[in-house]
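Enquirer: First, the structure itself, so that you have it in front of you.
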Amino acid sequence: MFEEPEARLYDEVIDAGYHDQKSYLSELFKILVKNSSILELGCGTGKMTIPLIKKGFFVDALDKSSFMISQLKYKLRKIKVYESDIKDFAPRKSYDYIISCNGPFSIKGDEIESYILEEEELIEVINKLSSRAKIGLLINKGIEKNGLHLKLKNNRRFAHFETREGDYMIMNHLLFKKNKLEIFRTHIKKRYPFNKIFRNAKYIKDYDNFKLIKL
């Protein structure tokens with residue numbers, strides 16, 4: 001869960017290089033069928049959402065952080081955003097695509113990484129979402145970024161460290177102002193064999209930064 005201080009600084013952290021949003025968006029614009037409907041999972045402050053809408057796609061969004069949603073709605077009021085944990089969310093309609101780009105799922109090598117820490121629950125959520133994705137699920141290929149240091153405005157620095165313990169990833173986010181620690185957060189994710197989770201897929205199409213999956 002991202003709290004209010006992180007939500008305010010999230011765009012700056014992304015722009016400083018935490019995620020390569022430009023590469024993800026550039027490829028999405030080539031993959032997506034023109035004027036298609038999208039549900040974006042883990043929309044955050046709208047760094048992906050808003051450019052997709054501006055390109056003519058019909059986008060609904062989901063995030064569990066009210067603080068992140070507030071930042072998004074400050075920038076774009078006319079958007080349907082669901083505030084919910086993905087485990088509790090049931091889409092009310094179908095979409096052409098359901099997208100997770102560094103959201104609740106991402107692909108790391110031959111594994112899928114998720115905040116959902118139980119395999120049966122992950123499969124249940126993916127099956128539930130897939131049933132509402134007419135063309136398929138689009139999940140980004142993430143990169144390993146342990147030991148990432150980013151310079152921000154106003155003498156702030158952001159640091160990201162992660163360690164692996166078995167199948168679990170322990171992610172630490174630290175925000176400093178000058179030499180004073182302002183924020184320290186720990187997030188836990190788990191990695192699962194991709195081929196096991198998607199063993200019943202009808203097809204999987206591989207792109208540079210994404211996989212398109214239809215169950």
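Going through the structure tokens in order, the chains are called A, B, and so on, while each chain numbers its residues from 1 and the ligands are numbered from 1 in the order shown.
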Can you list, as number ranges by chain, every protein, DNA or RNA residue that comes within 7 Å of Lys80 in chain A when you count only C-alpha atoms, leaving out same-chain residues fewer than 2 positions away?
Expert: A: 60-61, 78, 82
Enquirer: Take the residues just selected and output them with C-alpha atoms as a CSV table (one decimal), in the first residue's frame.
Expert:
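What ended up in part_12.csv:
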```csv
chain,number,residue,atom,x,y,z
A,60,ASP,CA,-11.1,2.0,-16.5
A,61,ALA,CA,-8.6,1.7,-13.7
A,78,LYS,CA,-13.5,12.1,-15.8
A,82,TYR,CA,-12.2,1.3,-8.7
```
Enquirer: Mind checking which residues fall within 6 Å of range 104-111 of chain A, counting only C-alpha atoms, ignoring those fewer than 5 positions away in the same chain, and posting them as a PyMOL selection string?
Expert: chain A and resi 139-142+191-194
Enquirer: Check range 56-99 of chain A with DSSP on the backbone and list each residue it calls strand (DSSP E), as a list of chain:residue names.
Expert: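 Going through range 56-99 of chain A, the strand (DSSP E) residues come out as A:Phe58, A:Val59, A:Asp60, A:Ala61, A:Leu62, A:Asp63, A:Lys80, A:Val81, A:Tyr82, A:Glu83, A:Tyr95, A:Asp96, A:Tyr97, A:Ile98, A:Ile99.
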Enquirer: Could you name the residues that touch Tyr24 in chain A at 8 Å or less, counting only C-alpha atoms, but leaving out those on the same chain fewer than 2 positions away, as a PyMOL selection string?
Expert: chain A and resi 20-22+26-28+101+140+209
Enquirer: Using only C-alpha atoms, can you tell me which of A:Leu25, A:Ser94, A:Asp63, A:His19 comes closest to Ser37 in chain A?
Expert: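 Under the stated criterion, the closest residue is A:Ser94.
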Enquirer: Would you please work out which residue, of A:Gly17, A:Gly147, A:Gly44, A:Pro51, is nearest to Phe29 in chain A when using only C-alpha atoms?
Expert: A:Pro51
Enquirer: Which residues are close to range 55-59 of chain A, i.e. within 9 Å by only C-alpha atoms, leaving aside same-chain residues fewer than 3 positions away? Reply as a compact mmCIF listing (two decimals) with N, CA and C atoms, in the first residue's frame.
Expert:
```txt
# COMPACT_ATOMS: atom_id res chain seq x y z
N PHE A 29 1.19 1.10 -27.48
CA PHE A 29 0.52 1.79 -28.58
C PHE A 29 0.59 0.97 -29.87
N LEU A 32 -1.89 -2.62 -28.91
CA LEU A 32 -3.32 -2.50 -28.65
C LEU A 32 -4.10 -2.20 -29.92
N VAL A 33 -5.23 -2.86 -30.06
CA VAL A 33 -6.14 -2.59 -31.16
C VAL A 33 -6.72 -1.18 -30.97
N LYS A 34 -6.82 -0.43 -32.04
CA LYS A 34 -7.29 0.95 -31.98
C LYS A 34 -8.66 1.03 -31.31
N ASN A 35 -8.80 2.03 -30.42
CA ASN A 35 -10.06 2.30 -29.72
C ASN A 35 -10.54 1.16 -28.83
N SER A 36 -9.64 0.31 -28.42
CA SER A 36 -10.04 -0.82 -27.59
C SER A 36 -10.31 -0.38 -26.14
N SER A 37 -11.01 -1.25 -25.42
CA SER A 37 -11.33 -0.99 -24.02
C SER A 37 -10.31 -1.70 -23.13
N ILE A 38 -9.96 -1.02 -22.02
CA ILE A 38 -8.88 -1.50 -21.17
C ILE A 38 -9.27 -1.36 -19.71
N LEU A 39 -8.91 -2.35 -18.92
CA LEU A 39 -8.90 -2.22 -17.47
C LEU A 39 -7.44 -2.26 -17.04
N GLU A 40 -6.98 -1.18 -16.43
CA GLU A 40 -5.59 -1.14 -15.97
C GLU A 40 -5.53 -1.46 -14.48
N THR A 49 -2.20 5.37 -17.40
CA THR A 49 -3.62 5.56 -17.67
C THR A 49 -3.90 6.76 -18.57
N ILE A 50 -3.37 7.89 -18.18
CA ILE A 50 -3.68 9.14 -18.88
C ILE A 50 -3.17 9.14 -20.32
N PRO A 51 -1.93 8.73 -20.59
CA PRO A 51 -1.50 8.66 -22.00
C PRO A 51 -2.35 7.70 -22.83
N LEU A 52 -2.80 6.59 -22.24
CA LEU A 52 -3.66 5.66 -22.98
C LEU A 52 -4.98 6.32 -23.35
N ILE A 79 -12.73 9.88 -15.09
CA ILE A 79 -12.23 8.52 -15.29
C ILE A 79 -12.87 7.62 -14.24
N LYS A 80 -13.19 6.40 -14.65
CA LYS A 80 -13.75 5.43 -13.72
C LYS A 80 -12.60 4.69 -13.04
```
Enquirer: Out of A:Met68, A:Ile213, A:Ser100, A:Lys151, which residue has the shortest atom-to-atom distance to Arg199 in chain A when counting only C-alpha atoms?
Expert: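 So, comparing all the options, the nearest one is A:Ile213.
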